[in-house]
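S.K.: Just so it is clear, I am handing over protein-v4.tsv, which has TSV, N, CA and C atoms and all ligand atoms.
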```tsv
chain	number	residue	atom	x	y	z
A	116	MET	N	0.82	-1.22	0.00
A	116	MET	CA	0.00	0.00	0.00
A	116	MET	C	0.85	1.26	0.00
A	117	ASN	N	2.09	1.15	0.57
A	117	ASN	CA	2.94	2.34	0.54
A	117	ASN	C	3.38	2.70	-0.88
A	118	ASP	N	3.50	1.70	-1.74
A	118	ASP	CA	3.81	1.96	-3.15
A	118	ASP	C	2.65	2.78	-3.76
A	119	ALA	N	1.43	2.41	-3.39
A	119	ALA	CA	0.25	3.13	-3.88
A	119	ALA	C	0.26	4.58	-3.37
A	120	ILE	N	0.58	4.77	-2.10
A	120	ILE	CA	0.61	6.13	-1.53
A	120	ILE	C	1.69	6.98	-2.22
A	121	ALA	N	2.89	6.38	-2.40
A	121	ALA	CA	3.99	7.10	-3.05
A	121	ALA	C	3.59	7.56	-4.45
A	122	ARG	N	2.86	6.69	-5.17
A	122	ARG	CA	2.41	7.04	-6.52
A	122	ARG	C	1.32	8.10	-6.52
A	123	GLU	N	0.43	8.01	-5.55
A	123	GLU	CA	-0.65	9.01	-5.46
A	123	GLU	C	-0.07	10.40	-5.16
A	124	ILE	N	0.92	10.45	-4.25
A	124	ILE	CA	1.56	11.75	-3.95
A	124	ILE	C	2.28	12.25	-5.20
A	125	GLN	N	2.96	11.33	-5.88
A	125	GLN	CA	3.69	11.70	-7.11
A	125	GLN	C	2.76	12.34	-8.14
A	126	VAL	N	1.68	11.64	-8.51
A	126	VAL	CA	0.82	12.17	-9.58
A	126	VAL	C	0.06	13.42	-9.12
A	127	SER	N	-0.21	13.49	-7.83
A	127	SER	CA	-0.89	14.67	-7.32
A	127	SER	C	-0.03	15.92	-7.58
A	128	ILE	N	1.28	15.82	-7.27
A	128	ILE	CA	2.19	16.96	-7.52
A	128	ILE	C	2.41	17.12	-9.02
A	129	GLN	N	2.62	16.00	-9.70
A	129	GLN	CA	2.89	16.03	-11.15
A	129	GLN	C	1.77	16.75	-11.92
A	130	TYR	N	0.52	16.39	-11.66
A	130	TYR	CA	-0.60	17.00	-12.39
A	130	TYR	C	-0.77	18.46	-11.99
A	131	MET	N	-0.52	18.77	-10.70
A	131	MET	CA	-0.67	20.16	-10.26
A	131	MET	C	0.38	21.04	-10.94
A	132	TRP	N	1.60	20.55	-11.05
A	132	TRP	CA	2.67	21.35	-11.70
A	132	TRP	C	2.44	21.42	-13.21
A	133	GLN	N	1.84	20.39	-13.77
A	133	GLN	CA	1.47	20.47	-15.20
A	133	GLN	C	0.36	21.51	-15.37
A	134	HIS	N	-0.53	21.56	-14.40
A	134	HIS	CA	-1.60	22.57	-14.40
A	134	HIS	C	-1.00	23.98	-14.34
A	135	VAL	N	0.06	24.14	-13.55
A	135	VAL	CA	0.70	25.45	-13.38
A	135	VAL	C	1.51	25.83	-14.61
A	136	GLN	N	2.21	24.84	-15.21
A	136	GLN	CA	3.18	25.14	-16.28
A	136	GLN	C	2.59	25.00	-17.68
A	137	TRP	N	1.30	25.13	-17.82
A	137	TRP	CA	0.68	24.96	-19.13
A	137	TRP	C	1.12	26.07	-20.09
A	138	ARG	N	1.21	25.72	-21.37
A	138	ARG	CA	1.54	26.68	-22.42
A	138	ARG	C	0.73	26.34	-23.65
A	139	GLY	N	0.18	27.34	-24.31
A	139	GLY	CA	-0.50	27.10	-25.59
A	139	GLY	C	-1.97	26.80	-25.44
A	140	ILE	N	-2.66	26.91	-26.55
A	140	ILE	CA	-4.12	26.83	-26.56
A	140	ILE	C	-4.62	25.44	-26.20
A	141	LYS	N	-3.91	24.39	-26.64
A	141	LYS	CA	-4.37	23.03	-26.33
A	141	LYS	C	-4.27	22.76	-24.84
A	142	ALA	N	-3.16	23.21	-24.25
A	142	ALA	CA	-2.98	23.01	-22.81
A	142	ALA	C	-3.98	23.85	-22.03
A	143	PHE	N	-4.29	25.02	-22.56
A	143	PHE	CA	-5.26	25.90	-21.88
A	143	PHE	C	-6.59	25.18	-21.66
A	144	SER	N	-6.99	24.42	-22.66
A	144	SER	CA	-8.30	23.77	-22.57
A	144	SER	C	-8.35	22.64	-21.55
A	145	ILE	N	-7.18	22.15	-21.09
A	145	ILE	CA	-7.22	21.04	-20.12
A	145	ILE	C	-6.63	21.40	-18.77
A	146	LYS	N	-6.12	22.64	-18.63
A	146	LYS	CA	-5.40	22.96	-17.39
A	146	LYS	C	-6.28	22.85	-16.14
A	147	ASP	N	-7.56	23.18	-16.25
A	147	ASP	CA	-8.45	23.08	-15.09
A	147	ASP	C	-8.75	21.62	-14.74
A	148	GLU	N	-8.86	20.79	-15.77
A	148	GLU	CA	-9.10	19.37	-15.55
A	148	GLU	C	-7.89	18.74	-14.84
A	149	LEU	N	-6.67	19.16	-15.23
A	149	LEU	CA	-5.46	18.64	-14.57
A	149	LEU	C	-5.48	18.97	-13.08
A	150	ARG	N	-5.93	20.16	-12.76
A	150	ARG	CA	-6.00	20.58	-11.35
A	150	ARG	C	-7.02	19.71	-10.60
A	151	LYS	N	-8.14	19.48	-11.25
A	151	LYS	CA	-9.19	18.66	-10.63
A	151	LYS	C	-8.69	17.24	-10.36
A	152	ILE	N	-7.98	16.69	-11.34
A	152	ILE	CA	-7.47	15.33	-11.18
A	152	ILE	C	-6.39	15.29	-10.09
A	153	ALA	N	-5.55	16.34	-10.04
A	153	ALA	CA	-4.50	16.42	-9.01
A	153	ALA	C	-5.13	16.34	-7.61
A	154	ILE	N	-6.23	17.04	-7.43
A	154	ILE	CA	-6.91	17.04	-6.12
A	154	ILE	C	-7.49	15.66	-5.82
A	155	THR	N	-8.06	15.02	-6.84
A	155	THR	CA	-8.56	13.65	-6.66
A	155	THR	C	-7.44	12.72	-6.20
A	156	GLU	N	-6.25	12.86	-6.81
A	156	GLU	CA	-5.12	11.99	-6.45
A	156	GLU	C	-4.69	12.24	-5.00
A	157	MET	N	-4.75	13.49	-4.58
A	157	MET	CA	-4.42	13.82	-3.19
A	157	MET	C	-5.40	13.13	-2.23
A	158	LYS	N	-6.67	13.12	-2.62
A	158	LYS	CA	-7.68	12.44	-1.79
A	158	LYS	C	-7.44	10.93	-1.77
A	159	HIS	N	-6.98	10.38	-2.90
A	159	HIS	CA	-6.64	8.95	-2.92
A	159	HIS	C	-5.51	8.68	-1.93
A	160	ALA	N	-4.47	9.53	-1.97
A	160	ALA	CA	-3.33	9.35	-1.06
A	160	ALA	C	-3.81	9.37	0.38
A	161	GLU	N	-4.69	10.28	0.70
A	161	GLU	CA	-5.22	10.40	2.06
A	161	GLU	C	-6.00	9.14	2.46
A	162	ALA	N	-6.89	8.69	1.58
A	162	ALA	CA	-7.73	7.53	1.89
A	162	ALA	C	-6.89	6.27	2.09
A	163	ILE	N	-5.88	6.09	1.23
A	163	ILE	CA	-5.03	4.89	1.35
A	163	ILE	C	-4.19	4.98	2.63
A	164	ALA	N	-3.67	6.19	2.91
A	164	ALA	CA	-2.86	6.38	4.12
A	164	ALA	C	-3.69	6.09	5.37
A	165	GLU	N	-4.94	6.55	5.37
A	165	GLU	CA	-5.82	6.29	6.52
A	165	GLU	C	-6.01	4.78	6.73
A	166	ARG	N	-6.22	4.09	5.62
A	166	ARG	CA	-6.44	2.65	5.70
A	166	ARG	C	-5.18	1.93	6.19
A	167	LEU	N	-4.03	2.32	5.63
A	167	LEU	CA	-2.76	1.70	6.01
A	167	LEU	C	-2.47	1.94	7.50
A	168	PHE	N	-2.71	3.16	7.95
A	168	PHE	CA	-2.45	3.52	9.34
A	168	PHE	C	-3.36	2.73	10.27
A	169	TYR	N	-4.61	2.59	9.87
A	169	TYR	CA	-5.56	1.79	10.64
A	169	TYR	C	-5.08	0.35	10.77
A	170	LEU	N	-4.47	-0.16	9.71
A	170	LEU	CA	-3.99	-1.55	9.72
A	170	LEU	C	-2.64	-1.69	10.43
A	171	GLY	N	-2.13	-0.56	10.95
A	171	GLY	CA	-0.89	-0.62	11.73
A	171	GLY	C	0.36	-0.25	10.95
A	172	GLY	N	0.21	0.21	9.71
A	172	GLY	CA	1.36	0.59	8.89
A	172	GLY	C	1.70	2.06	9.05
A	173	GLU	N	2.86	2.43	8.54
A	173	GLU	CA	3.33	3.81	8.59
A	173	GLU	C	3.31	4.38	7.17
A	174	PRO	N	2.39	5.32	6.88
A	174	PRO	CA	2.31	5.85	5.51
A	174	PRO	C	3.59	6.60	5.11
A	175	THR	N	4.08	6.33	3.91
A	175	THR	CA	5.28	7.00	3.41
A	175	THR	C	5.01	8.48	3.14
A	176	THR	N	6.07	9.29	3.21
A	176	THR	CA	5.94	10.71	2.85
A	176	THR	C	6.71	10.98	1.56
A	177	THR	N	7.30	9.94	0.97
A	177	THR	CA	8.16	10.12	-0.21
A	177	THR	C	7.43	9.73	-1.49
A	178	PRO	N	7.28	10.67	-2.42
A	178	PRO	CA	6.64	10.31	-3.70
A	178	PRO	C	7.59	9.51	-4.59
A	179	THR	N	7.07	8.72	-5.50
A	179	THR	CA	7.89	8.14	-6.56
A	179	THR	C	8.31	9.30	-7.46
A	180	PRO	N	9.38	9.13	-8.29
A	180	PRO	CA	9.90	10.27	-9.06
A	180	PRO	C	8.83	11.00	-9.89
A	181	ILE	N	8.83	12.32	-9.75
A	181	ILE	CA	7.83	13.16	-10.44
A	181	ILE	C	8.39	13.57	-11.80
A	182	TYR	N	7.54	13.49	-12.82
A	182	TYR	CA	7.95	13.89	-14.17
A	182	TYR	C	6.92	14.87	-14.70
A	183	VAL	N	7.31	16.15	-14.83
A	183	VAL	CA	6.34	17.15	-15.29
A	183	VAL	C	6.27	17.15	-16.82
A	184	GLY	N	7.43	17.13	-17.49
A	184	GLY	CA	7.45	17.12	-18.95
A	184	GLY	C	7.51	18.53	-19.52
A	185	LYS	N	8.02	18.65	-20.75
A	185	LYS	CA	8.17	19.96	-21.38
A	185	LYS	C	6.97	20.28	-22.28
A	186	SER	N	6.72	19.40	-23.22
A	186	SER	CA	5.59	19.65	-24.13
A	186	SER	C	4.34	18.99	-23.59
A	187	LEU	N	3.20	19.41	-24.10
A	187	LEU	CA	1.92	18.83	-23.67
A	187	LEU	C	1.89	17.33	-23.96
A	188	ARG	N	2.40	16.94	-25.13
A	188	ARG	CA	2.39	15.51	-25.49
A	188	ARG	C	3.23	14.71	-24.50
A	189	GLU	N	4.42	15.26	-24.17
A	189	GLU	CA	5.30	14.60	-23.20
A	189	GLU	C	4.58	14.39	-21.87
A	190	MET	N	3.88	15.45	-21.44
A	190	MET	CA	3.17	15.40	-20.16
A	190	MET	C	2.10	14.31	-20.19
A	191	ILE	N	1.26	14.35	-21.21
A	191	ILE	CA	0.08	13.48	-21.22
A	191	ILE	C	0.46	12.02	-21.48
A	192	GLU	N	1.54	11.81	-22.29
A	192	GLU	CA	2.00	10.44	-22.50
A	192	GLU	C	2.42	9.81	-21.19
A	193	ARG	N	3.16	10.59	-20.40
A	193	ARG	CA	3.62	10.09	-19.11
A	193	ARG	C	2.43	9.86	-18.15
A	194	ASP	N	1.48	10.78	-18.17
A	194	ASP	CA	0.32	10.67	-17.27
A	194	ASP	C	-0.48	9.40	-17.59
A	195	ALA	N	-0.67	9.14	-18.88
A	195	ALA	CA	-1.43	7.95	-19.29
A	195	ALA	C	-0.71	6.70	-18.80
A	196	LYS	N	0.64	6.69	-18.89
A	196	LYS	CA	1.43	5.55	-18.44
A	196	LYS	C	1.32	5.38	-16.92
A	197	ASP	N	1.38	6.48	-16.21
A	197	ASP	CA	1.27	6.42	-14.74
A	197	ASP	C	-0.09	5.87	-14.31
A	198	GLU	N	-1.14	6.28	-15.01
A	198	GLU	CA	-2.48	5.78	-14.67
A	198	GLU	C	-2.56	4.27	-14.94
A	199	GLU	N	-1.94	3.86	-16.06
A	199	GLU	CA	-1.94	2.45	-16.42
A	199	GLU	C	-1.25	1.62	-15.33
A	200	GLU	N	-0.11	2.11	-14.86
A	200	GLU	CA	0.63	1.37	-13.82
A	200	GLU	C	-0.16	1.34	-12.51
A	201	ALA	N	-0.84	2.44	-12.20
A	201	ALA	CA	-1.67	2.48	-10.98
A	201	ALA	C	-2.78	1.44	-11.09
A	202	MET	N	-3.41	1.36	-12.27
A	202	MET	CA	-4.49	0.40	-12.46
A	202	MET	C	-4.01	-1.03	-12.24
A	203	LYS	N	-2.81	-1.33	-12.77
A	203	LYS	CA	-2.24	-2.67	-12.60
A	203	LYS	C	-2.01	-2.96	-11.12
A	204	LEU	N	-1.39	-2.01	-10.43
A	204	LEU	CA	-1.08	-2.18	-9.00
A	204	LEU	C	-2.36	-2.36	-8.18
A	205	TYR	N	-3.39	-1.57	-8.48
A	205	TYR	CA	-4.60	-1.61	-7.68
A	205	TYR	C	-5.38	-2.90	-7.91
A	206	LYS	N	-5.31	-3.42	-9.12
A	206	LYS	CA	-5.95	-4.71	-9.38
A	206	LYS	C	-5.28	-5.80	-8.55
A	207	ARG	N	-3.94	-5.71	-8.44
A	207	ARG	CA	-3.22	-6.70	-7.61
A	207	ARG	C	-3.61	-6.55	-6.14
A	208	ILE	N	-3.69	-5.30	-5.66
A	208	ILE	CA	-4.05	-5.06	-4.25
A	208	ILE	C	-5.46	-5.59	-3.97
A	209	ILE	N	-6.39	-5.37	-4.89
A	209	ILE	CA	-7.78	-5.84	-4.72
A	209	ILE	C	-7.79	-7.37	-4.60
A	210	GLU	N	-7.01	-8.01	-5.47
A	210	GLU	CA	-6.92	-9.48	-5.46
A	210	GLU	C	-6.43	-9.99	-4.11
A	211	VAL	N	-5.31	-9.42	-3.63
A	211	VAL	CA	-4.72	-9.86	-2.37
A	211	VAL	C	-5.69	-9.58	-1.21
A	212	ALA	N	-6.30	-8.39	-1.20
A	212	ALA	CA	-7.22	-8.02	-0.12
A	212	ALA	C	-8.39	-8.99	-0.07
A	213	ARG	N	-8.92	-9.32	-1.24
A	213	ARG	CA	-10.05	-10.27	-1.29
A	213	ARG	C	-9.65	-11.63	-0.77
A	214	ARG	N	-8.45	-12.06	-1.18
A	214	ARG	CA	-7.96	-13.38	-0.76
A	214	ARG	C	-7.83	-13.42	0.76
A	215	GLU	N	-7.44	-12.28	1.35
A	215	GLU	CA	-7.25	-12.25	2.81
A	215	GLU	C	-8.53	-11.88	3.55
A	216	GLY	N	-9.62	-11.73	2.82
A	216	GLY	CA	-10.90	-11.41	3.46
A	216	GLY	C	-11.01	-9.97	3.95
A	217	ASP	N	-10.13	-9.09	3.44
A	217	ASP	CA	-10.16	-7.68	3.83
A	217	ASP	C	-11.06	-6.91	2.86
A	218	VAL	N	-12.35	-6.99	3.14
A	218	VAL	CA	-13.36	-6.42	2.24
A	218	VAL	C	-13.22	-4.90	2.13
A	219	THR	N	-12.93	-4.25	3.26
A	219	THR	CA	-12.86	-2.78	3.26
A	219	THR	C	-11.75	-2.27	2.34
A	220	THR	N	-10.56	-2.91	2.42
A	220	THR	CA	-9.46	-2.49	1.56
A	220	THR	C	-9.81	-2.76	0.10
A	221	ALA	N	-10.40	-3.93	-0.17
A	221	ALA	CA	-10.78	-4.26	-1.55
A	221	ALA	C	-11.77	-3.23	-2.09
A	222	THR	N	-12.76	-2.87	-1.28
A	222	THR	CA	-13.78	-1.92	-1.72
A	222	THR	C	-13.18	-0.53	-1.95
A	223	LEU	N	-12.28	-0.13	-1.05
A	223	LEU	CA	-11.60	1.17	-1.20
A	223	LEU	C	-10.85	1.23	-2.53
A	224	PHE	N	-10.10	0.18	-2.82
A	224	PHE	CA	-9.29	0.19	-4.05
A	224	PHE	C	-10.15	0.03	-5.31
A	225	GLU	N	-11.30	-0.61	-5.16
A	225	GLU	CA	-12.21	-0.70	-6.33
A	225	GLU	C	-12.71	0.69	-6.70
A	226	LYS	N	-13.00	1.49	-5.68
A	226	LYS	CA	-13.49	2.85	-5.92
A	226	LYS	C	-12.38	3.69	-6.57
A	227	ILE	N	-11.17	3.56	-6.00
A	227	ILE	CA	-10.04	4.33	-6.54
A	227	ILE	C	-9.73	3.88	-7.96
A	228	LEU	N	-9.77	2.56	-8.19
A	228	LEU	CA	-9.49	2.02	-9.53
A	228	LEU	C	-10.44	2.62	-10.57
A	229	SER	N	-11.71	2.79	-10.21
A	229	SER	CA	-12.65	3.33	-11.20
A	229	SER	C	-12.30	4.79	-11.51
A	230	ASP	N	-11.79	5.55	-10.52
A	230	ASP	CA	-11.31	6.92	-10.81
A	230	ASP	C	-10.11	6.87	-11.76
A	231	GLU	N	-9.17	5.96	-11.51
A	231	GLU	CA	-7.96	5.88	-12.35
A	231	GLU	C	-8.34	5.49	-13.78
A	232	GLU	N	-9.36	4.65	-13.92
A	232	GLU	CA	-9.81	4.27	-15.26
A	232	GLU	C	-10.35	5.49	-16.00
A	233	GLU	N	-11.06	6.33	-15.27
A	233	GLU	CA	-11.57	7.58	-15.87
A	233	GLU	C	-10.41	8.48	-16.30
A	234	HIS	N	-9.40	8.61	-15.42
A	234	HIS	CA	-8.23	9.45	-15.74
A	234	HIS	C	-7.51	8.91	-16.97
A	235	HIS	N	-7.34	7.58	-16.97
A	235	HIS	CA	-6.63	6.95	-18.07
A	235	HIS	C	-7.38	7.19	-19.38
A	236	ASP	N	-8.69	7.08	-19.33
A	236	ASP	CA	-9.52	7.32	-20.50
A	236	ASP	C	-9.37	8.77	-20.98
A	237	PHE	N	-9.36	9.71	-20.03
A	237	PHE	CA	-9.19	11.12	-20.36
A	237	PHE	C	-7.84	11.37	-21.05
A	238	PHE	N	-6.75	10.86	-20.46
A	238	PHE	CA	-5.41	11.10	-21.02
A	238	PHE	C	-5.24	10.43	-22.39
A	239	THR	N	-5.72	9.19	-22.53
A	239	THR	CA	-5.54	8.52	-23.82
A	239	THR	C	-6.40	9.18	-24.91
A	240	SER	N	-7.58	9.70	-24.52
A	240	SER	CA	-8.40	10.42	-25.51
A	240	SER	C	-7.69	11.68	-25.96
A	241	LEU	N	-7.01	12.35	-25.02
A	241	LEU	CA	-6.27	13.58	-25.37
A	241	LEU	C	-5.17	13.28	-26.35
A	242	LEU	N	-4.51	12.13	-26.18
A	242	LEU	CA	-3.36	11.80	-27.03
A	242	LEU	C	-3.76	11.67	-28.51
A	243	GLU	N	-5.03	11.42	-28.77
A	243	GLU	CA	-5.49	11.35	-30.16
A	243	GLU	C	-5.54	12.73	-30.80
A	244	GLU	N	-5.57	13.78	-29.96
A	244	GLU	CA	-5.77	15.14	-30.47
A	244	GLU	C	-4.52	16.02	-30.42
A	245	ILE	N	-3.49	15.60	-29.64
A	245	ILE	CA	-2.32	16.50	-29.49
A	245	ILE	C	-1.07	15.96	-30.15
B	301	FE	FE	-5.14	8.08	-7.79
B	302	FE	FE	-5.41	8.91	-11.48
```
Now, as a test, write the supplied structure out as structure tokens.
M.R.:
Amino acid sequence: MNDAIAREIQVSIQYMWQHVQWRGIKAFSIKDELRKIAITEMKHAEAIAERLFYLGGEPTTTPTPIYVGKSLREMIERDAKDEEEAMKLYKRIIEVARREGDVTTATLFEKILSDEEEHHDFFTSLLEEI
């Protein structure tokens, strides 16, 4: 779960800085959405940290490496990849939680997974246009 928290903190900062460093008309049209997604990722980090702490773990404060990117395409390609990796990780966590009978953790990650699927869909749709 700490890997999940590290990634959530990473993308939360990554999307917020992409929101700040936007350039050009195409980026203008998505800068507010990036901010919205960044806040969602922060809430994911909080929810996972709460669950981990409840289970007796110590939530990490270190994000995985942040990549802001120079061009809009660079940014969004990386974001789509990060969402894909999060989806893979969360599917594994759901599997393990179910196997161990931890329904609450499984349900939490199912909810988060559906958000990541939405983000992934948003980023990959953008890549068709930029
Ligand atoms: Fe997330
Ligand atoms: Fe996401």
S.K.: Please identify every polymer residue within 7 Å of ligand FE 301 (chain B), using all atoms listed in the file, and present the set as a ChimeraX atom specification.
M.R.: /A:122-123,155-157,159-160,227,230-231
S.K.: Using only N, CA and C atoms and all ligand atoms, find each residue with an atom at most 8 Å away from ligand FE 302 (chain B) and format the answer as a ChimeraX atom specification.
M.R.: /A:123,126-127,152-153,155-156,194,197-199,201-202,227,230-235
S.K.: Go ahead and compute the interatomic distance for CA of Lys196 in chain A and CA of Ile120 in chain A, in Å to one decimal.
M.R.: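 Rounded to one decimal, the two atoms are 16.9 Å apart.
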S.K.: Atom C of Ile208 in chain A and CA of Ala119 in chain A are how many Å apart?
M.R.: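 Here the two named atoms are 10.4 Å from each other.
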S.K.: Tell me, in Å to one decimal, how far atom C of Gly216 in chain A is from atom N of Pro178 in chain A.
M.R.: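 Atom N of Pro178 in chain A lies at a distance of 28.3 Å from atom C of Gly216 in chain A.
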S.K.: List as number ranges by chain the residues having at least one atom at most 8 Å from position (7.6, 9.4, -2.2) as given in the file, counting all atoms listed in the file.
M.R.: A: 120-122, 124-125, 175-180
S.K.: Tell me, as a list in words, which residues lie within 12 Å of Thr222 in chain A, counting only C-alpha atoms; anything in the same chain fewer than 3 positions away does not count.
M.R.: Ala162, Ile163, Arg166, Tyr205, Lys206, Ile208, Ile209, Glu210, Ala212, Arg213, Gly216, Asp217, Val218, Thr219, Glu225, Lys226, Ile227, Leu228 and Ser229 of chain A
S.K.: Determine, counting all atoms listed in the file, which protein, DNA and RNA residues have an atom within 8 Å of an atom of Ala164 in chain A; residues of the same chain fewer than 6 positions away are not included. Present the result as JSON, numbers by chain.
M.R.: {"A": [116, 117, 119, 120, 158, 170, 172, 173, 174, 175]}
S.K.: Return the single residue from A:Ala195, A:Arg207, A:Arg214, A:Leu149 that is closest to Asp236 in chain A, with distances computed using only C-alpha atoms.
M.R.: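 Of A:Ala195, A:Arg207, A:Arg214, A:Leu149, the one nearest Asp236 in chain A, counting only C-alpha atoms, is A:Ala195.
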S.K.: Counting only N, CA and C atoms, which residue out of A:Tyr182, A:Tyr130, A:Trp137, A:Phe237 sits closest to Ile154 in chain A?
M.R.: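 Closest residue, counting only N, CA and C atoms: A:Tyr130.
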S.K.: Please run DSSP on the backbone and report, as an NGL selection string, all residues within chain A that come out as helix (DSSP H, G or I).
M.R.: :A and (117-135 or 139-143 or 146-169 or 187-214 or 218-242)
S.K.: Which of these residues is nearest to Ala142 in chain A, using all atoms listed in the file: A:Phe168, A:Ser240, A:Ile128, A:Leu187?
M.R.: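 Of A:Phe168, A:Ser240, A:Ile128, A:Leu187, the one nearest Ala142 in chain A, counting all atoms listed in the file, is A:Leu187.
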S.K.: May I ask which of the residues A:Thr239, A:Phe143, A:Ile245, A:Gln129 is the closest one to Ile181 in chain A, counting all atoms listed in the file?
M.R.: A:Gln129
S.K.: With distances taken over only C-alpha atoms, which of A:Arg188, A:Arg138, A:Lys203, A:Arg193 is nearest to Leu242 in chain A?
M.R.: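 Closest to Leu242 in chain A of all the choices is A:Arg188.
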